[in-house]
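Text of data_36.txt, listed as compact mmCIF, C-alpha atoms:
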```txt
# COMPACT_ATOMS: atom_id res chain seq x y z
CA MET C 272 0.00 0.00 0.00
CA ALA C 273 0.98 3.63 -0.43
CA ASP C 274 2.93 5.23 2.42
CA ILE C 275 2.20 8.84 1.42
CA GLU C 276 -1.12 10.62 1.14
CA LEU C 277 -1.61 14.00 -0.53
CA ASN C 278 -4.68 16.13 0.12
CA VAL C 279 -5.34 18.11 -3.04
CA GLU C 280 -7.75 20.71 -4.28
CA VAL C 281 -8.87 21.22 -7.86
CA ARG C 282 -7.71 24.47 -9.46
CA ASP C 283 -10.21 26.64 -11.27
CA ARG C 284 -7.59 28.55 -13.22
CA THR C 285 -4.91 26.97 -15.39
CA GLY C 286 -1.89 28.39 -17.15
CA THR C 287 0.79 30.70 -15.75
CA GLY C 288 -1.68 33.00 -14.02
CA GLY C 289 -3.41 30.18 -12.20
CA ALA C 290 -0.10 28.63 -11.11
CA ARG C 291 1.13 31.96 -9.73
CA GLU C 292 -2.08 32.41 -7.80
CA MET C 293 -1.58 29.01 -6.17
CA ARG C 294 1.98 29.85 -5.18
CA ARG C 295 0.84 33.13 -3.63
CA ARG C 296 -1.50 31.03 -1.50
CA ASP C 297 1.50 28.89 -0.46
CA MET C 298 0.29 26.00 -2.63
CA VAL C 299 2.18 23.88 -5.17
CA PRO C 300 0.30 23.58 -8.48
CA GLY C 301 0.23 20.29 -10.35
CA ILE C 302 -1.57 18.20 -12.93
CA LEU C 303 -3.25 14.80 -12.64
CA TYR C 304 -3.37 12.78 -15.85
CA GLY C 305 -3.46 9.25 -17.22
CA GLY C 306 -6.09 6.59 -17.62
CA GLU C 307 -9.26 7.28 -19.57
CA GLN C 308 -10.07 10.53 -17.76
CA ALA C 309 -9.11 14.02 -18.83
CA PRO C 310 -6.20 15.82 -17.11
CA VAL C 311 -7.20 17.73 -13.97
CA PRO C 312 -5.30 20.78 -12.60
CA ILE C 313 -4.73 20.36 -8.86
CA ALA C 314 -2.73 21.91 -6.02
CA VAL C 315 -1.27 20.77 -2.69
CA ALA C 316 -0.33 22.85 0.36
CA GLN C 317 3.37 23.76 0.19
CA LYS C 318 4.18 22.37 3.67
CA ASP C 319 2.44 19.06 2.97
CA PHE C 320 4.12 18.67 -0.40
CA ARG C 321 7.56 19.41 1.02
CA LYS C 322 6.99 16.92 3.84
CA ALA C 323 6.08 14.20 1.34
CA LEU C 324 8.93 15.14 -0.99
CA TYR C 325 11.66 15.01 1.63
CA THR C 326 10.73 11.53 2.80
CA GLY C 327 12.38 10.35 -0.40
CA LYS C 328 9.29 8.26 -1.17
CA LEU C 329 7.35 10.66 -3.37
CA LEU C 330 8.92 10.37 -6.80
CA GLY C 331 8.57 6.95 -8.38
CA HIS C 332 6.36 5.54 -5.64
CA LEU C 333 2.71 4.73 -5.30
CA ILE C 334 0.96 7.46 -3.31
CA THR C 335 -2.66 8.12 -2.37
CA LEU C 336 -4.28 11.26 -3.70
CA ARG C 337 -7.20 12.41 -1.56
CA TYR C 338 -9.84 14.88 -2.69
CA GLY C 339 -12.54 15.22 -0.04
CA LYS C 340 -13.74 11.67 0.60
CA GLU C 341 -12.46 10.34 -2.70
CA THR C 342 -9.07 8.63 -3.03
CA GLN C 343 -7.01 7.63 -6.06
CA PRO C 344 -3.69 5.72 -6.28
CA VAL C 345 -1.19 7.73 -8.33
CA ILE C 346 2.49 7.83 -9.21
CA ALA C 347 4.46 11.06 -8.88
CA LYS C 348 6.17 11.31 -12.28
CA ALA C 349 8.00 14.64 -12.09
CA VAL C 350 8.62 17.68 -9.90
CA GLN C 351 9.92 21.02 -11.14
CA PHE C 352 12.05 23.15 -8.79
CA HIS C 353 13.03 26.80 -8.64
CA PRO C 354 16.59 27.08 -10.05
CA VAL C 355 17.80 29.25 -7.14
CA THR C 356 15.73 28.39 -4.06
CA ASP C 357 14.99 24.73 -4.94
CA ALA C 358 11.39 25.34 -3.92
CA PRO C 359 8.93 22.95 -5.66
CA LEU C 360 7.11 24.83 -8.44
CA HIS C 361 5.00 22.18 -10.16
CA PHE C 362 4.38 18.43 -10.11
CA ASP C 363 2.86 15.72 -12.34
CA LEU C 364 0.79 12.82 -10.99
CA TYR C 365 -0.16 9.79 -13.07
CA ARG C 366 -3.32 7.77 -12.39
CA VAL C 367 -2.80 4.04 -11.87
CA GLY C 368 -4.54 1.05 -10.38
CA ALA C 369 -2.93 -0.39 -7.26
CA HIS C 370 -2.10 -3.69 -9.03
CA GLN C 371 -1.64 -2.22 -12.50
CA ARG C 372 1.66 -3.06 -14.16
CA ILE C 373 3.50 0.10 -15.10
CA LYS C 374 6.85 1.15 -16.51
CA ILE C 375 8.99 3.23 -14.20
CA GLU C 376 12.68 4.05 -13.70
CA VAL C 377 14.29 2.85 -10.47
CA PRO C 378 17.79 3.79 -9.22
CA VAL C 379 20.62 1.24 -9.21
CA ARG C 380 22.60 0.76 -5.99
CA PHE C 381 26.03 -0.90 -5.94
CA ILE C 382 27.00 -2.70 -2.72
CA ASN C 383 30.08 -4.40 -1.18
CA GLU C 384 32.61 -2.28 -3.03
CA ASP C 385 34.86 -2.59 0.05
CA GLN C 386 34.87 -6.38 -0.44
CA CYS C 387 35.85 -6.21 -4.10
CA ARG C 388 39.53 -6.97 -4.69
CA ALA C 389 39.43 -5.23 -8.07
CA PHE C 390 39.21 -1.81 -6.43
CA ARG C 391 42.21 -2.55 -4.20
CA GLN C 392 44.08 -3.35 -7.40
CA GLY C 393 43.36 0.08 -8.79
CA GLY C 394 40.12 -0.65 -10.65
CA SER C 395 37.34 1.90 -10.96
CA LEU C 396 33.58 1.52 -11.39
CA GLU C 397 32.20 3.03 -14.57
CA ILE C 398 28.41 3.32 -14.30
CA VAL C 399 26.53 3.20 -17.58
CA ARG C 400 23.00 3.30 -16.13
CA HIS C 401 22.22 5.04 -12.84
CA THR C 402 18.56 4.04 -13.28
CA ILE C 403 16.84 1.13 -15.01
CA GLU C 404 13.34 1.20 -16.43
CA ILE C 405 11.33 -1.75 -15.15
CA THR C 406 7.85 -3.19 -15.50
CA VAL C 407 6.20 -3.83 -12.13
CA GLU C 408 2.90 -3.66 -10.28
CA ALA C 409 2.33 -0.14 -8.98
CA ASP C 410 2.13 -1.26 -5.36
CA HIS C 411 5.36 -3.29 -5.55
CA ILE C 412 7.84 -0.72 -6.88
CA PRO C 413 11.26 -1.45 -5.31
CA GLU C 414 13.28 1.32 -3.65
CA ASP C 415 16.29 0.44 -5.81
CA LEU C 416 17.92 -2.38 -7.75
CA ILE C 417 20.97 -4.04 -6.17
CA VAL C 418 24.26 -4.96 -7.86
CA ASP C 419 26.69 -6.92 -5.63
CA LEU C 420 30.35 -6.11 -6.34
CA ALA C 421 31.89 -8.47 -3.77
CA LYS C 422 33.27 -11.13 -6.16
CA ARG C 423 33.83 -8.99 -9.23
CA ARG C 424 37.19 -8.76 -10.98
CA LEU C 425 39.11 -6.22 -12.99
CA GLY C 426 37.62 -5.91 -16.46
CA ASP C 427 34.23 -7.37 -15.52
CA THR C 428 31.17 -6.06 -17.36
CA LEU C 429 28.00 -5.96 -15.25
CA ARG C 430 24.79 -6.55 -17.18
CA ILE C 431 21.10 -6.57 -16.33
CA SER C 432 21.41 -10.33 -15.71
CA ASP C 433 23.75 -9.46 -12.81
CA VAL C 434 21.13 -7.25 -11.13
CA GLN C 435 19.14 -8.77 -8.27
CA LEU C 436 15.61 -8.20 -9.54
CA PRO C 437 12.84 -8.70 -6.95
CA GLU C 438 10.04 -11.12 -7.73
CA GLY C 439 7.56 -9.70 -10.23
CA VAL C 440 10.04 -7.10 -11.56
CA GLU C 441 11.16 -7.25 -15.17
CA PRO C 442 13.36 -4.88 -17.19
CA SER C 443 11.44 -3.02 -19.88
CA ILE C 444 14.26 -3.84 -22.32
CA THR C 445 14.00 -7.58 -22.98
CA ASP C 446 15.74 -8.10 -26.31
CA ARG C 447 19.29 -7.95 -24.98
CA ASP C 448 21.40 -8.35 -21.83
CA PHE C 449 22.30 -4.67 -21.64
CA VAL C 450 25.27 -3.20 -19.78
CA VAL C 451 24.72 -1.49 -16.42
CA ALA C 452 28.33 -0.85 -15.37
CA SER C 453 31.89 -2.13 -15.76
CA ILE C 454 35.03 -2.33 -13.65
CA LYS C 455 37.71 -0.60 -15.63
CA ILE C 456 41.42 -1.16 -15.29
CA SER C 457 42.74 2.30 -14.55
CA SER C 458 45.93 3.66 -16.10
CA ALA C 459 47.43 3.76 -12.61
CA ALA C 460 46.76 0.04 -12.14
CA ILE C 461 48.35 -0.76 -15.51
CA ALA C 462 51.41 1.31 -14.60
CA ASP C 463 51.71 -0.43 -11.20
CA ALA C 464 51.53 -3.87 -12.82
CA ALA C 465 54.20 -2.91 -15.34
CA ASP C 466 56.43 -1.61 -12.52
CA GLU C 467 56.02 -4.84 -10.56
CA ALA C 468 56.90 -6.94 -13.60
CA HIS C 469 59.95 -4.78 -14.28
CA ASP C 470 61.11 -5.00 -10.65
CA ALA C 471 60.77 -8.81 -10.70
CA GLU C 472 62.78 -9.03 -13.92
CA VAL C 473 65.55 -6.81 -12.51
CA ALA C 474 65.66 -8.84 -9.30
CA ALA C 475 66.03 -12.07 -11.28
CA GLU C 476 68.86 -10.61 -13.38
CA GLU C 477 70.65 -9.35 -10.27
CA ALA C 478 70.33 -12.74 -8.60
CA ALA C 479 71.79 -14.44 -11.67
CA ALA C 480 74.66 -11.95 -11.85
CA GLU C 481 75.53 -12.50 -8.18
CA GLU C 482 75.84 -16.30 -8.62
CA THR C 483 79.51 -17.38 -8.07
CA PRO C 484 81.35 -20.14 -9.97
CA GLU C 485 81.27 -22.21 -6.76
CA ASP C 486 77.45 -21.88 -6.65
CA ALA C 487 77.22 -22.98 -10.27
CA ALA C 488 79.53 -25.97 -9.64
CA ALA C 489 77.54 -26.98 -6.58
CA ALA C 490 74.30 -26.78 -8.54
CA GLU C 491 75.82 -28.86 -11.34
CA ALA C 492 77.07 -31.48 -8.86
CA ALA C 493 73.68 -31.66 -7.21
CA GLY C 494 72.15 -32.26 -10.61
CA ALA C 495 74.66 -35.02 -11.35
CA ASP C 496 73.94 -36.74 -8.02
CA ALA C 497 70.26 -36.66 -8.82
CA ASP C 498 70.89 -38.31 -12.20
CA VAL C 499 72.96 -41.08 -10.53
CA ALA C 500 70.22 -41.73 -8.01
CA VAL C 501 67.64 -42.04 -10.76
CA GLU C 502 69.90 -44.46 -12.72
CA THR C 503 70.54 -46.62 -9.62
CA THR C 504 66.81 -46.85 -8.96
CA GLU C 505 66.17 -47.95 -12.52
CA GLN C 506 68.80 -50.70 -12.30
CA GLU C 507 67.28 -52.04 -9.09
```
Kindly return the structure encoded in the file as structure tokens.
Amino acid sequence: MADIELNVEVRDRTGTGGAREMRRRDMVPGILYGGEQAPVPIAVAQKDFRKALYTGKLLGHLITLRYGKETQPVIAKAVQFHPVTDAPLHFDLYRVGAHQRIKIEVPVRFINEDQCRAFRQGGSLEIVRHTIEITVEADHIPEDLIVDLAKRRLGDTLRISDVQLPEGVEPSITDRDFVVASIKISSAAIADAADEAHDAEVAAEEAAAEETPEDAAAAEAAGADADVAVETTEQE
């Protein structure tokens, strides 16, 4: 069920003039559309709208619109903000049925980055899609979609098949296993690997150069003794 309820009133005036009048009354103007009914201009008290907005559960969630004794399940599709004050200026609500399947974008959340060895090796996460459009029942919209990074490796490509989709949730794109993110090998990681390989090669050369004739003779003798032991065993 919806966690948020908005008490609205129907606006008599539309257009810029009507919207300004609502704002002077400390109301946020909006529009209700969708379904088989005509769009209806509405407004919500500024304090109530802000309270609902700052819960983080307004946009992209099922909410209950109340007008007098009538109620209607809706989805908040968009909110426009003032470019300077960030005050809400206008909102769009979309009519839905509680169990109606709808298409909606949901944010992607990446977890367990601290358990992923690739990042300790200098890898970096390149996100291709911060949100994914899904098809889901209106009263079962997930908060987010989870991608677990714990066992990922450098160079891995994370696709929609790697996303933990809740039951009843399907991606709206079904014709391909599209990319969500990838773990890139950074230039720093490549440079570090090259440095390590170079250091190992130098160490090996220095060890070989420091080998004395006595060491070489001893190694050769040890090899000869091993050959004799093998031959003796074969004869037995």
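One distance worth recording is that between atom CA of C:Asp410 and atom CA of C:His332, which is 8.0 Å.
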What gap, in Å, lies between atom CA of C:Leu436 and atom CA of C:Val451?
13.2 Å
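You can rank C:Gly327, C:Val311, C:Lys422, C:Ala452 by their closest distance to C:Thr402 using all atoms listed in the file, and at the top of that list sits C:Ala452.
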Separation of atom CA of C:Val450 from atom CA of C:Ile417, in Å and rounded to one decimal
14.3 Å
Which residue gives the smallest distance to C:Thr428 among C:Leu396, C:Val315, C:Val279, C:Val367, with all atoms listed in the file counted?
C:Leu396
List the spatial neighbours of C:Ile346 as a compact mmCIF listing (two decimals) with C-alpha atoms, in the coordinates of the input - criterion: any atom at most 7 Å away, all atoms listed in the file, same-chain residues fewer than 2 positions off excluded.
```txt
# COMPACT_ATOMS: atom_id res chain seq x y z
CA GLY C 331 8.57 6.95 -8.38
CA HIS C 332 6.36 5.54 -5.64
CA LEU C 333 2.71 4.73 -5.30
CA ILE C 334 0.96 7.46 -3.31
CA LYS C 348 6.17 11.31 -12.28
CA LEU C 364 0.79 12.82 -10.99
CA TYR C 365 -0.16 9.79 -13.07
CA ARG C 366 -3.32 7.77 -12.39
```
Need the shell around C:Gly394: protein/DNA/RNA residues with any atom at most 6 Å away, counting only C-alpha atoms. Skip same-chain ones fewer than 4 positions apart. Format as number ranges by chain?
C: 389-390, 455-457
Within 8 Å of C:Asp448, counting all atoms listed in the file, which residues qualify if same-chain residues fewer than 3 places away don't, as a ChimeraX atom specification?
/C:430-432,445
Selection from above, C-alpha atoms, as a tab-separated table (two decimals), in the coordinates of the input, can you write it?
```
chain	number	residue	atom	x	y	z
C	430	ARG	CA	24.79	-6.55	-17.18
C	431	ILE	CA	21.10	-6.57	-16.33
C	432	SER	CA	21.41	-10.33	-15.71
C	445	THR	CA	14.00	-7.58	-22.98
```
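Counting all atoms listed in the file and comparing C:Phe352, C:Gln343, C:Leu330, C:Val281, the residue that lies closest to C:Ile313 is C:Val281.
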I'd like the contact shell of C:Arg321 - 12 Å cut-off, only C-alpha atoms, skipping same-chain residues fewer than 5 positions apart - returned as a PyMOL selection string.
chain C and resi 275+277+297-299+315-316+326-329+350+352+357-362
Closest to C:Ala290 among C:Leu420, C:Leu303, C:Val379, C:Ala314, using all atoms listed in the file?
C:Ala314
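With all atoms listed in the file as the atoms that count, the minimum distance from C:Tyr338 to the choices C:Asp433, C:Glu276, C:Arg380, C:Val418 is reached by C:Glu276.
Residues lying within 8 Å of C:Arg372, counting all atoms listed in the file and ignoring same-chain neighbours fewer than 5 positions away, are C:Thr406, C:Val407, C:Glu408, C:Ala409.
Between C:Glu397 and the residues C:Leu429, C:Leu416, C:Ile454, C:Ile375, the shortest atom-to-atom distance, using only C-alpha atoms, involves C:Ile454.
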Using only C-alpha atoms and a cutoff of 12 Å, can you tell me which residues are near (-8.0, 26.8, -16.1) in the file's coordinates, and write them out as a short mmCIF file (atom, residue, chain, number, x, y, z; two decimals) with C-alpha atoms, in the frame of the given file?
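Wrote it out as result-v2.cif, contents follow:
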```cif
data_model
loop_
_atom_site.label_atom_id
_atom_site.label_comp_id
_atom_site.auth_asym_id
_atom_site.auth_seq_id
_atom_site.Cartn_x
_atom_site.Cartn_y
_atom_site.Cartn_z
CA VAL C 281 -8.87 21.22 -7.86
CA ARG C 282 -7.71 24.47 -9.46
CA ASP C 283 -10.21 26.64 -11.27
CA ARG C 284 -7.59 28.55 -13.22
CA THR C 285 -4.91 26.97 -15.39
CA GLY C 286 -1.89 28.39 -17.15
CA THR C 287 0.79 30.70 -15.75
CA GLY C 288 -1.68 33.00 -14.02
CA GLY C 289 -3.41 30.18 -12.20
CA ALA C 290 -0.10 28.63 -11.11
CA GLU C 292 -2.08 32.41 -7.80
CA PRO C 300 0.30 23.58 -8.48
CA GLY C 301 0.23 20.29 -10.35
CA ILE C 302 -1.57 18.20 -12.93
CA PRO C 310 -6.20 15.82 -17.11
CA VAL C 311 -7.20 17.73 -13.97
CA PRO C 312 -5.30 20.78 -12.60
CA ILE C 313 -4.73 20.36 -8.86
#
```
Take every atom of stretch 327-339 of chain C listed in the file, fit an axis-aligned box around them, add 5 Å per side, and give the centre and edge lengths in Å to one decimal as JSON.
```
{"center_x": -0.1, "center_y": 10.0, "center_z": -4.2, "size_x": 34.9, "size_y": 20.5, "size_z": 18.3}
```
